[in-house]
file query.txt (compact mmCIF, C-alpha atoms)
# COMPACT_ATOMS: atom_id res chain seq x y z
CA MET J 1 -24.17 92.53 192.77
CA LYS J 2 -23.13 96.20 192.40
CA VAL J 3 -24.36 96.06 188.81
CA LEU J 4 -27.75 94.85 189.99
CA LYS J 5 -27.97 97.56 192.65
CA SER J 6 -27.13 100.17 190.02
CA ILE J 7 -29.89 98.83 187.77
CA ALA J 8 -32.30 98.77 190.68
CA PHE J 9 -31.50 102.41 191.47
CA ARG J 10 -32.28 103.40 187.92
CA SER J 11 -35.55 101.45 187.98
CA ARG J 12 -36.88 103.44 190.96
CA GLY J 13 -39.35 106.13 190.10
CA ILE J 14 -39.40 105.36 186.41
CA THR J 15 -42.00 108.09 185.83
CA GLY J 16 -39.86 110.72 187.60
CA ALA J 17 -37.16 112.94 186.20
CA ASN J 18 -34.18 110.79 187.11
CA LEU J 19 -31.22 109.21 185.41
CA SER J 20 -33.21 106.35 183.89
CA ASP J 21 -35.47 108.86 182.10
CA ARG J 22 -32.47 110.46 180.42
CA ILE J 23 -30.92 107.22 179.18
CA PRO J 24 -32.11 106.30 175.65
CA PRO J 25 -33.98 102.96 175.65
CA GLN J 26 -31.75 101.81 172.80
CA LEU J 27 -28.79 101.75 175.21
CA TYR J 28 -30.70 99.54 177.62
CA PHE J 29 -31.45 97.12 174.80
CA VAL J 30 -27.84 97.02 173.52
CA ALA J 31 -26.58 96.37 177.05
CA SER J 32 -29.18 93.61 177.38
CA ALA J 33 -27.98 92.03 174.14
CA ILE J 34 -24.35 92.08 175.30
CA PHE J 35 -25.15 90.29 178.56
CA HIS J 36 -27.50 87.94 176.73
CA TYR J 37 -24.61 86.56 174.69
CA LEU J 38 -22.28 86.12 177.65
CA GLY J 39 -24.56 83.31 178.79
CA PRO J 40 -23.71 80.86 175.99
CA SER J 41 -20.02 81.07 176.94
CA PHE J 42 -20.93 79.57 180.33
CA ALA J 43 -23.38 77.13 178.76
CA VAL J 44 -20.54 75.65 176.68
CA LEU J 45 -18.99 74.42 179.92
CA LEU J 46 -22.30 73.07 181.13
CA PHE J 47 -23.32 71.06 178.08
CA SER J 48 -20.32 68.76 178.55
CA ARG J 49 -21.13 68.25 182.24
CA VAL J 50 -24.92 68.54 182.61
CA SER J 51 -27.86 67.40 180.50
CA VAL J 52 -29.83 69.89 178.40
CA ASP J 53 -32.80 70.01 180.77
CA GLY J 54 -30.37 70.37 183.67
CA VAL J 55 -28.81 73.45 182.07
CA ALA J 56 -32.27 74.98 181.65
CA TRP J 57 -33.01 74.34 185.34
CA LEU J 58 -29.70 75.81 186.51
CA ARG J 59 -30.29 78.97 184.49
CA ILE J 60 -33.79 79.60 185.84
CA ALA J 61 -33.12 78.44 189.39
CA SER J 62 -29.97 80.53 189.82
CA ALA J 63 -31.74 83.60 188.41
CA ALA J 64 -34.67 83.05 190.78
CA LEU J 65 -32.26 82.75 193.71
CA VAL J 66 -30.58 86.04 192.79
CA PHE J 67 -33.93 87.82 192.54
CA ALA J 68 -35.07 86.29 195.85
CA ILE J 69 -31.98 87.55 197.70
CA TRP J 70 -31.83 90.89 195.90
CA ARG J 71 -35.49 91.98 195.72
CA ARG J 72 -37.61 89.55 197.81
CA PRO J 73 -40.18 89.73 194.99
CA TRP J 74 -42.76 87.41 196.53
CA ARG J 75 -44.08 90.45 198.40
CA VAL J 76 -45.51 92.00 195.22
CA PHE J 77 -48.30 89.45 194.90
CA ARG J 78 -50.28 90.95 197.77
CA LYS J 79 -49.82 94.49 196.40
CA ASN J 80 -50.77 93.85 192.78
CA SER J 81 -54.19 93.62 191.21
CA ARG J 82 -55.40 90.22 190.10
CA HIS J 83 -54.71 91.20 186.48
CA VAL J 84 -51.06 92.06 187.17
CA ASN J 85 -50.57 88.85 189.15
CA HIS J 86 -51.97 86.87 186.23
CA LEU J 87 -49.42 88.57 183.96
CA ILE J 88 -46.63 87.65 186.38
CA ILE J 89 -47.70 84.00 186.48
CA THR J 90 -48.03 83.87 182.68
CA LEU J 91 -44.59 85.41 182.23
CA GLY J 92 -43.09 82.91 184.68
CA ILE J 93 -44.55 79.96 182.78
CA THR J 94 -43.28 81.51 179.54
CA PHE J 95 -39.75 81.95 180.95
CA ALA J 96 -39.59 78.29 181.93
CA LEU J 97 -40.91 76.85 178.67
CA MET J 98 -39.01 79.32 176.46
CA ASN J 99 -35.63 78.46 177.98
CA TYR J 100 -36.37 74.75 178.09
CA SER J 101 -37.25 74.77 174.37
CA PHE J 102 -34.30 77.01 173.44
CA TYR J 103 -31.64 74.74 174.96
CA TYR J 104 -33.11 71.65 173.31
CA ALA J 105 -33.18 73.53 169.99
CA ILE J 106 -29.52 74.63 170.08
CA HIS J 107 -28.55 71.15 171.21
CA SER J 108 -29.76 69.79 167.85
CA LEU J 109 -29.45 72.72 165.42
CA PRO J 110 -26.90 75.42 164.57
CA LEU J 111 -27.39 78.52 166.73
CA GLY J 112 -27.79 80.65 163.59
CA THR J 113 -30.71 78.54 162.41
CA VAL J 114 -32.41 78.77 165.80
CA ALA J 115 -31.85 82.54 165.90
CA ALA J 116 -33.43 82.95 162.48
CA ILE J 117 -36.49 80.92 163.47
CA GLU J 118 -36.85 82.85 166.73
CA PHE J 119 -36.87 86.12 164.80
CA LEU J 120 -40.11 85.12 163.01
CA GLY J 121 -42.32 86.02 165.98
CA PRO J 122 -40.85 89.50 166.54
CA VAL J 123 -41.15 90.18 162.80
CA ILE J 124 -44.88 89.48 162.98
CA LEU J 125 -45.24 91.77 166.01
CA ALA J 126 -43.27 94.50 164.27
CA LEU J 127 -45.44 94.18 161.15
CA ILE J 128 -48.61 94.46 163.23
CA GLY J 129 -47.33 97.61 164.89
CA THR J 130 -45.74 99.25 161.84
CA LYS J 131 -47.80 102.33 161.01
CA THR J 132 -45.41 104.55 159.05
CA LEU J 133 -43.46 104.17 155.83
CA ARG J 134 -40.25 104.97 157.72
CA ASN J 135 -40.78 102.11 160.16
CA PHE J 136 -41.79 99.73 157.38
CA ILE J 137 -38.49 100.51 155.60
CA ALA J 138 -36.68 99.91 158.90
CA LEU J 139 -38.40 96.54 159.15
CA ILE J 140 -37.26 95.59 155.64
CA PHE J 141 -33.68 96.57 156.52
CA THR J 142 -33.57 94.53 159.72
CA VAL J 143 -35.25 91.43 158.29
CA THR J 144 -32.87 91.46 155.31
CA GLY J 145 -29.87 91.89 157.57
CA VAL J 146 -30.90 89.10 159.93
CA TRP J 147 -31.58 86.80 156.99
CA PHE J 148 -28.04 87.15 155.63
CA LEU J 149 -26.41 87.26 159.06
CA THR J 150 -27.90 84.05 160.39
CA ASP J 151 -27.23 82.20 157.13
CA VAL J 152 -30.33 80.08 157.44
CA ARG J 153 -29.65 76.46 156.67
CA ILE J 154 -32.42 73.89 156.57
CA HIS J 155 -30.67 70.91 158.01
CA GLY J 156 -30.48 69.13 161.33
CA GLU J 157 -32.71 66.81 163.26
CA PRO J 158 -36.49 67.26 162.77
CA GLU J 159 -36.96 67.28 166.54
CA GLY J 160 -34.65 70.27 166.73
CA PHE J 161 -36.93 72.30 164.47
CA LEU J 162 -39.93 71.50 166.65
CA TRP J 163 -38.05 72.82 169.69
CA ALA J 164 -36.90 75.88 167.73
CA PHE J 165 -40.41 76.82 166.63
CA ALA J 166 -41.66 76.21 170.17
CA SER J 167 -38.95 78.53 171.48
CA ALA J 168 -39.91 81.14 168.87
CA MET J 169 -43.54 80.96 169.94
CA PHE J 170 -42.68 81.42 173.62
CA PHE J 171 -40.25 84.22 172.78
CA THR J 172 -43.07 86.06 171.03
CA VAL J 173 -45.31 85.55 174.06
CA TYR J 174 -42.46 86.84 176.24
CA ILE J 175 -42.33 90.13 174.31
CA ILE J 176 -46.09 90.61 174.57
CA ILE J 177 -46.44 89.73 178.27
CA ALA J 178 -43.20 91.36 179.44
CA HIS J 179 -44.15 94.61 177.71
CA ARG J 180 -47.58 94.60 179.35
CA LEU J 181 -45.97 93.92 182.71
CA ALA J 182 -43.42 96.70 182.24
CA VAL J 183 -46.12 99.34 181.68
CA ALA J 184 -48.73 97.85 184.03
CA ASP J 185 -50.55 100.20 186.36
CA SER J 186 -49.31 99.02 189.74
CA GLU J 187 -47.70 100.33 192.91
CA THR J 188 -44.95 97.73 192.56
CA LYS J 189 -41.73 98.22 190.57
CA PRO J 190 -41.20 96.46 187.21
CA VAL J 191 -38.01 94.78 188.44
CA ASP J 192 -39.90 93.27 191.40
CA ARG J 193 -42.68 91.99 189.15
CA LEU J 194 -39.98 90.49 186.95
CA GLY J 195 -38.40 88.79 189.96
CA ALA J 196 -41.75 87.34 190.98
CA ALA J 197 -42.17 85.92 187.47
CA MET J 198 -38.75 84.26 187.75
CA LEU J 199 -39.82 82.59 191.00
CA VAL J 200 -42.83 81.18 189.17
CA ALA J 201 -40.52 80.00 186.39
CA ALA J 202 -38.36 78.17 188.92
CA VAL J 203 -41.39 76.28 190.20
CA ILE J 204 -42.45 75.31 186.66
CA ILE J 205 -38.98 74.25 185.47
CA THR J 206 -38.15 72.15 188.55
CA PRO J 207 -40.08 68.97 187.63
CA LEU J 208 -38.73 69.24 184.08
CA GLY J 209 -35.04 69.75 184.80
CA ILE J 210 -34.07 69.14 188.42
CA ARG J 211 -33.07 65.54 187.78
CA GLY J 212 -30.71 66.56 184.98
CA ALA J 213 -29.13 69.26 187.16
CA ILE J 214 -28.20 66.91 190.05
CA PRO J 215 -24.64 66.22 188.72
CA ALA J 216 -23.87 69.95 189.02
CA PHE J 217 -24.42 69.88 192.79
CA THR J 218 -21.13 67.99 193.22
CA ASP J 219 -19.30 69.77 190.39
CA THR J 220 -18.05 73.24 191.40
CA VAL J 221 -17.27 74.32 187.82
CA ALA J 222 -20.70 73.32 186.56
CA LEU J 223 -22.42 75.01 189.50
CA LEU J 224 -20.53 78.28 189.02
CA ALA J 225 -21.19 78.12 185.28
CA GLY J 226 -24.90 77.65 185.98
CA ILE J 227 -24.92 80.73 188.21
CA GLY J 228 -23.11 82.63 185.47
CA VAL J 229 -25.73 81.60 182.93
CA GLY J 230 -28.51 82.70 185.27
CA LEU J 231 -26.96 86.11 185.91
CA SER J 232 -25.93 86.93 182.37
CA SER J 233 -28.91 85.40 180.57
CA SER J 234 -31.89 85.66 182.91
CA VAL J 235 -31.23 88.47 185.40
CA ILE J 236 -29.33 91.42 183.94
CA PRO J 237 -30.76 91.30 180.38
CA TYR J 238 -34.38 90.85 181.52
CA VAL J 239 -34.05 93.76 183.97
CA LEU J 240 -32.64 95.92 181.18
CA ASP J 241 -35.47 94.75 178.91
CA GLN J 242 -38.00 96.00 181.46
CA LEU J 243 -36.31 99.40 181.56
CA ALA J 244 -36.35 99.57 177.75
CA MET J 245 -39.97 98.41 177.47
CA THR J 246 -41.22 101.22 179.69
CA LYS J 247 -40.05 103.65 176.98
CA LEU J 248 -40.66 101.71 173.76
CA SER J 249 -43.76 100.48 172.00
CA ARG J 250 -44.10 96.73 171.69
CA ALA J 251 -43.59 96.85 167.92
CA THR J 252 -40.36 98.86 168.19
CA TYR J 253 -39.00 96.56 170.86
CA ALA J 254 -39.79 93.57 168.64
CA LEU J 255 -37.86 95.24 165.83
CA PHE J 256 -34.89 95.87 168.11
CA VAL J 257 -34.63 92.11 168.64
CA ALA J 258 -32.78 92.16 165.31
CA LEU J 259 -29.81 93.60 167.20
CA LEU J 260 -29.30 90.32 169.05
CA PRO J 261 -27.58 88.36 166.26
CA ALA J 262 -25.71 91.51 165.21
CA THR J 263 -24.44 91.97 168.74
CA ALA J 264 -23.33 88.34 168.78
CA VAL J 265 -21.12 88.97 165.76
CA ILE J 266 -19.60 92.09 167.35
CA ILE J 267 -18.89 90.22 170.59
CA GLY J 268 -17.31 87.46 168.54
CA ILE J 269 -14.91 89.99 166.99
CA VAL J 270 -13.98 91.74 170.25
CA VAL J 271 -13.88 88.79 172.66
CA LEU J 272 -13.17 85.73 170.52
CA GLY J 273 -11.33 87.25 167.57
CA GLN J 274 -13.85 85.75 165.16
CA ILE J 275 -13.61 87.94 162.06
CA PRO J 276 -16.90 87.94 160.08
CA THR J 277 -17.15 87.54 156.33
CA TRP J 278 -17.87 90.65 154.27
CA ILE J 279 -21.49 89.54 153.90
CA GLU J 280 -21.85 89.26 157.69
CA ALA J 281 -20.23 92.66 158.18
CA VAL J 282 -22.60 94.29 155.70
CA ALA J 283 -25.55 92.51 157.35
CA VAL J 284 -24.59 93.98 160.74
CA VAL J 285 -24.43 97.49 159.24
CA VAL J 286 -27.84 96.99 157.55
CA ILE J 287 -29.44 95.80 160.80
CA ILE J 288 -28.03 98.67 162.84
CA GLY J 289 -29.09 101.12 160.12
CA GLY J 290 -32.62 99.72 160.17
CA VAL J 291 -32.91 100.02 163.93
CA LEU J 292 -31.49 103.56 163.93
CA ILE J 293 -34.14 104.89 161.54
CA VAL J 294 -37.03 103.50 163.62
CA GLN J 295 -39.32 106.26 164.84
CA ASP J 296 -41.17 105.51 168.05
CA LYS J 297 -43.56 108.20 169.26
CA LYS J 298 -43.61 106.67 172.74
CA ALA J 299 -39.83 106.97 173.02
CA VAL J 300 -39.82 110.55 171.76
CA LYS J 301 -42.33 111.81 174.34
call {"tool": "encode", "arguments": {"input": "query.txt", "output": "structure tokens"}}
result
Amino acid sequence: MKVLKSIAFRSRGITGANLSDRIPPQLYFVASAIFHYLGPSFAVLLFSRVSVDGVAWLRIASAALVFAIWRRPWRVFRKNSRHVNHLIITLGITFALMNYSFYYAIHSLPLGTVAAIEFLGPVILALIGTKTLRNFIALIFTVTGVWFLTDVRIHGEPEGFLWAFASAMFFTVYIIIAHRLAVADSETKPVDRLGAAMLVAAVIITPLGIRGAIPAFTDTVALLAGIGVGLSSSVIPYVLDQLAMTKLSRATYALFVALLPATAVIIGIVVLGQIPTWIEAVAVVVIIGGVLIVQDKKAVK
């Protein structure tokens, strides 16, 4: 909880001259990526104990519970404009359907294949927002790196591909809506608007996954793992995303998504001792190089 309080402190007065203004948005994103990939380590425990839809429910529900205790985000609805509240509701629906689709996708397909498919949406957003030769070159670097890193393989169950493309679509919507919410003109804080969206997500995911999550209520390991998934996959990284999005254009943020599979490889080396092949190592360097040469006028100001 101390980590969350620290993040909350940095999210206060985002427009003021405070610590959060001096931290490069790239660092927020890298930290988000690291926490994002701690989640699957908990999910491994869950898949053998809880159904796929149950895992999705545990992730969203535990994250919503954390936000409810930490921020009491339901209060923002009466302070926001109708437009901002619509964004919150849309983001909540997106959270629920994105995670539901993602877990069904990785249940049927290799994670690398799903990651490659999910990258399609951000690539399109990055292309739409690419306005300089430098950024276009950066896009080529990152796409090439992700292509080799994920080692796309067209095999698996057809149903898995449907879930993967659905997850990719919702992930793209997430980037668009979350960015709008991060920079929205409102008296409320981005982290509170995010928490409100997670409460909406919990309502949406409940009829889809509550039945599958019931076994976890009498299984301490599964319940703790579910809370771990919620914290590491749906609380800390999304809060860090909001902090990054206030400083980055949507196109640049979409391009930074390429760091996710690269970060997964680095975590695999450090935590799991999984040494990558030389092709994977080069791909990581290419991705990082592409992201480093991105020029974002919004971030420079």
call {"tool": "atom_distance", "arguments": {"input": "query.txt", "atom1": "atom CA of Arg49 of chain J", "atom2": "atom CA of Ala213 of chain J"}}
result
9.4 Å
call {"tool": "closest_atom_pairs", "arguments": {"input": "query.txt", "of": "segment 23-67 of chain J", "to": "segment 195-199 of chain J", "cutoff": "8 Å", "atoms": "only C-alpha atoms", "output": "CSV"}}
result
residue,atom,partner,partner_atom,distance
J:Ile60,CA,J:Met198,CA,7.1
J:Ala63,CA,J:Met198,CA,7.1
J:Ala64,CA,J:Leu199,CA,5.2
J:Phe67,CA,J:Gly195,CA,5.3
call {"tool": "closest_residue", "arguments": {"input": "query.txt", "among": "J:Ser232, J:Thr246, J:Ser101, J:Ser186", "to": "Ala166 of chain J", "atoms": "only C-alpha atoms"}}
result
J:Ser101
call {"tool": "residues_around", "arguments": {"input": "query.txt", "residues": "Phe119 of chain J", "least_positions_apart": "2", "cutoff": "9 Å", "atoms": "all atoms listed in the file", "output": "mmCIF file with C-alpha atoms, in the coordinates of the input"}}
result
data_model
loop_
_atom_site.group_PDB
_atom_site.id
_atom_site.type_symbol
_atom_site.label_atom_id
_atom_site.label_comp_id
_atom_site.auth_asym_id
_atom_site.auth_seq_id
_atom_site.Cartn_x
_atom_site.Cartn_y
_atom_site.Cartn_z
ATOM 1 C CA VAL J 114 -32.410 78.770 165.800
ATOM 2 C CA ALA J 115 -31.850 82.540 165.900
ATOM 3 C CA ALA J 116 -33.430 82.950 162.480
ATOM 4 C CA ILE J 117 -36.490 80.920 163.470
ATOM 5 C CA GLY J 121 -42.320 86.020 165.980
ATOM 6 C CA PRO J 122 -40.850 89.500 166.540
ATOM 7 C CA VAL J 123 -41.150 90.180 162.800
ATOM 8 C CA ILE J 124 -44.880 89.480 162.980
ATOM 9 C CA VAL J 143 -35.250 91.430 158.290
ATOM 10 C CA VAL J 146 -30.900 89.100 159.930
ATOM 11 C CA ALA J 168 -39.910 81.140 168.870
ATOM 12 C CA PHE J 171 -40.250 84.220 172.780
ATOM 13 C CA THR J 172 -43.070 86.060 171.030
ATOM 14 C CA ALA J 254 -39.790 93.570 168.640
ATOM 15 C CA VAL J 257 -34.630 92.110 168.640
ATOM 16 C CA ALA J 258 -32.780 92.160 165.310
#
call {"tool": "closest_residue", "arguments": {"input": "query.txt", "among": "J:Ile176, J:Ala251, J:Leu58, J:Ile205", "to": "Ile128 of chain J", "atoms": "only C-alpha atoms"}}
result
J:Ala251
call {"tool": "atom_distance", "arguments": {"input": "query.txt", "atom1": "atom CA of Ala225 of chain J", "atom2": "atom CA of Leu97 of chain J"}}
result
20.8 Å
call {"tool": "atom_distance", "arguments": {"input": "query.txt", "atom1": "atom CA of Ala105 of chain J", "atom2": "atom CA of Gly226 of chain J"}}
result
18.5 Å
call {"tool": "residues_around", "arguments": {"input": "query.txt", "residues": "Asp241 of chain J", "least_positions_apart": "2", "cutoff": "7 Å", "atoms": "all atoms listed in the file", "output": "PyMOL selection string"}}
result
chain J and resi 28-29+32+237-239+243-245
call {"tool": "closest_residue", "arguments": {"input": "query.txt", "among": "J:Thr252, J:Gly289, J:Gly228, J:Ile214", "to": "Phe42 of chain J", "atoms": "only C-alpha atoms"}}
result
J:Gly228
call {"tool": "residues_around", "arguments": {"input": "query.txt", "residues": "Pro207 of chain J", "least_positions_apart": "5", "cutoff": "12 Å", "atoms": "only C-alpha atoms", "output": "PyMOL selection string"}}
result
chain J and resi 53-54+56-57+61+96-97+100+201-202+212-213
call {"tool": "closest_residue", "arguments": {"input": "query.txt", "among": "J:Ile137, J:Ala43, J:Val235, J:Leu255", "to": "Trp70 of chain J", "atoms": "only C-alpha atoms"}}
result
J:Val235
call {"tool": "closest_residue", "arguments": {"input": "query.txt", "among": "J:Leu139, J:Leu240, J:His107, J:Ser249", "to": "Ser48 of chain J", "atoms": "all atoms listed in the file"}}
result
J:His107
call {"tool": "closest_residue", "arguments": {"input": "query.txt", "among": "J:Ala164, J:Val50, J:Pro24, J:Thr142", "to": "Val282 of chain J", "atoms": "all atoms listed in the file"}}
result
J:Thr142
call {"tool": "decode", "arguments": {"input": "query.txt", "residues": "segment 54-152 of chain J", "atoms": "C-alpha atoms", "output": "CSV table (one decimal), in the first residue's frame"}}
result
chain,number,residue,atom,x,y,z
J,54,GLY,CA,-12.8,-16.7,-12.9
J,55,VAL,CA,-9.3,-15.4,-13.2
J,56,ALA,CA,-10.5,-12.4,-15.2
J,57,TRP,CA,-13.1,-11.7,-12.5
J,58,LEU,CA,-10.5,-12.0,-9.7
J,59,ARG,CA,-8.2,-9.6,-11.4
J,60,ILE,CA,-10.8,-6.9,-12.0
J,61,ALA,CA,-12.6,-7.4,-8.7
J,62,SER,CA,-9.5,-7.3,-6.5
J,63,ALA,CA,-8.3,-4.2,-8.4
J,64,ALA,CA,-11.7,-2.5,-7.9
J,65,LEU,CA,-11.6,-3.3,-4.2
J,66,VAL,CA,-8.1,-1.8,-3.8
J,67,PHE,CA,-9.2,1.4,-5.6
J,68,ALA,CA,-12.4,1.5,-3.4
J,69,ILE,CA,-10.4,1.3,-0.2
J,70,TRP,CA,-7.5,3.5,-1.3
J,71,ARG,CA,-9.3,6.3,-3.3
J,72,ARG,CA,-13.1,6.0,-2.8
J,73,PRO,CA,-13.4,6.9,-6.5
J,74,TRP,CA,-17.2,6.7,-6.7
J,75,ARG,CA,-17.2,10.3,-5.4
J,76,VAL,CA,-15.8,11.6,-8.8
J,77,PHE,CA,-19.0,11.0,-10.7
J,78,ARG,CA,-20.8,13.9,-9.1
J,79,LYS,CA,-17.8,16.2,-9.7
J,80,ASN,CA,-17.1,15.4,-13.3
J,81,SER,CA,-18.9,16.7,-16.4
J,82,ARG,CA,-21.1,14.3,-18.3
J,83,HIS,CA,-18.5,13.9,-21.0
J,84,VAL,CA,-15.8,12.8,-18.5
J,85,ASN,CA,-18.3,10.4,-16.8
J,86,HIS,CA,-19.0,8.9,-20.2
J,87,LEU,CA,-15.3,8.3,-20.7
J,88,ILE,CA,-15.0,6.6,-17.3
J,89,ILE,CA,-17.9,4.3,-18.1
J,90,THR,CA,-16.5,3.5,-21.5
J,91,LEU,CA,-13.0,2.8,-20.0
J,92,GLY,CA,-14.6,0.5,-17.4
J,93,ILE,CA,-16.4,-1.5,-20.0
J,94,THR,CA,-13.2,-1.7,-22.0
J,95,PHE,CA,-11.2,-2.9,-19.0
J,96,ALA,CA,-13.7,-5.8,-18.4
J,97,LEU,CA,-13.9,-7.0,-22.0
J,98,MET,CA,-10.2,-6.5,-22.7
J,99,ASN,CA,-9.1,-8.7,-19.8
J,100,TYR,CA,-11.8,-11.3,-20.4
J,101,SER,CA,-10.7,-11.6,-24.0
J,102,PHE,CA,-7.0,-11.6,-23.1
J,103,TYR,CA,-7.2,-14.5,-20.7
J,104,TYR,CA,-9.2,-16.6,-23.1
J,105,ALA,CA,-6.6,-15.8,-25.8
J,106,ILE,CA,-3.6,-16.9,-23.8
J,107,HIS,CA,-5.5,-20.0,-22.6
J,108,SER,CA,-5.5,-21.2,-26.3
J,109,LEU,CA,-2.5,-19.6,-27.9
J,110,PRO,CA,1.2,-19.0,-27.1
J,111,LEU,CA,1.7,-15.7,-25.2
J,112,GLY,CA,4.1,-14.5,-27.9
J,113,THR,CA,1.4,-14.9,-30.6
J,114,VAL,CA,-1.2,-13.0,-28.5
J,115,ALA,CA,1.4,-10.2,-27.8
J,116,ALA,CA,2.1,-9.8,-31.5
J,117,ILE,CA,-1.6,-9.6,-32.4
J,118,GLU,CA,-2.2,-7.1,-29.6
J,119,PHE,CA,0.6,-4.9,-31.0
J,120,LEU,CA,-1.4,-4.4,-34.3
J,121,GLY,CA,-3.7,-1.7,-32.7
J,122,PRO,CA,-1.0,0.4,-31.2
J,123,VAL,CA,1.0,0.3,-34.5
J,124,ILE,CA,-2.0,1.7,-36.3
J,125,LEU,CA,-2.3,4.5,-33.7
J,126,ALA,CA,1.4,5.2,-33.9
J,127,LEU,CA,1.1,5.4,-37.7
J,128,ILE,CA,-1.8,7.8,-37.5
J,129,GLY,CA,0.1,10.1,-35.2
J,130,THR,CA,3.6,9.8,-36.8
J,131,LYS,CA,4.3,13.3,-38.3
J,132,THR,CA,8.1,13.3,-38.6
J,133,LEU,CA,10.7,11.2,-40.4
J,134,ARG,CA,12.5,10.6,-37.1
J,135,ASN,CA,9.3,9.1,-35.5
J,136,PHE,CA,8.6,7.1,-38.6
J,137,ILE,CA,12.0,5.5,-38.4
J,138,ALA,CA,11.4,4.8,-34.7
J,139,LEU,CA,8.2,3.1,-35.7
J,140,ILE,CA,10.0,0.9,-38.2
J,141,PHE,CA,12.6,-0.1,-35.5
J,142,THR,CA,10.0,-1.0,-32.9
J,143,VAL,CA,7.7,-3.0,-35.3
J,144,THR,CA,10.7,-4.9,-36.6
J,145,GLY,CA,11.9,-5.7,-33.1
J,146,VAL,CA,8.6,-6.8,-31.9
J,147,TRP,CA,8.1,-9.0,-35.0
J,148,PHE,CA,11.3,-10.9,-34.3
J,149,LEU,CA,10.9,-10.9,-30.5
J,150,THR,CA,7.4,-12.4,-30.4
J,151,ASP,CA,8.3,-15.0,-33.0
J,152,VAL,CA,4.8,-15.0,-34.5
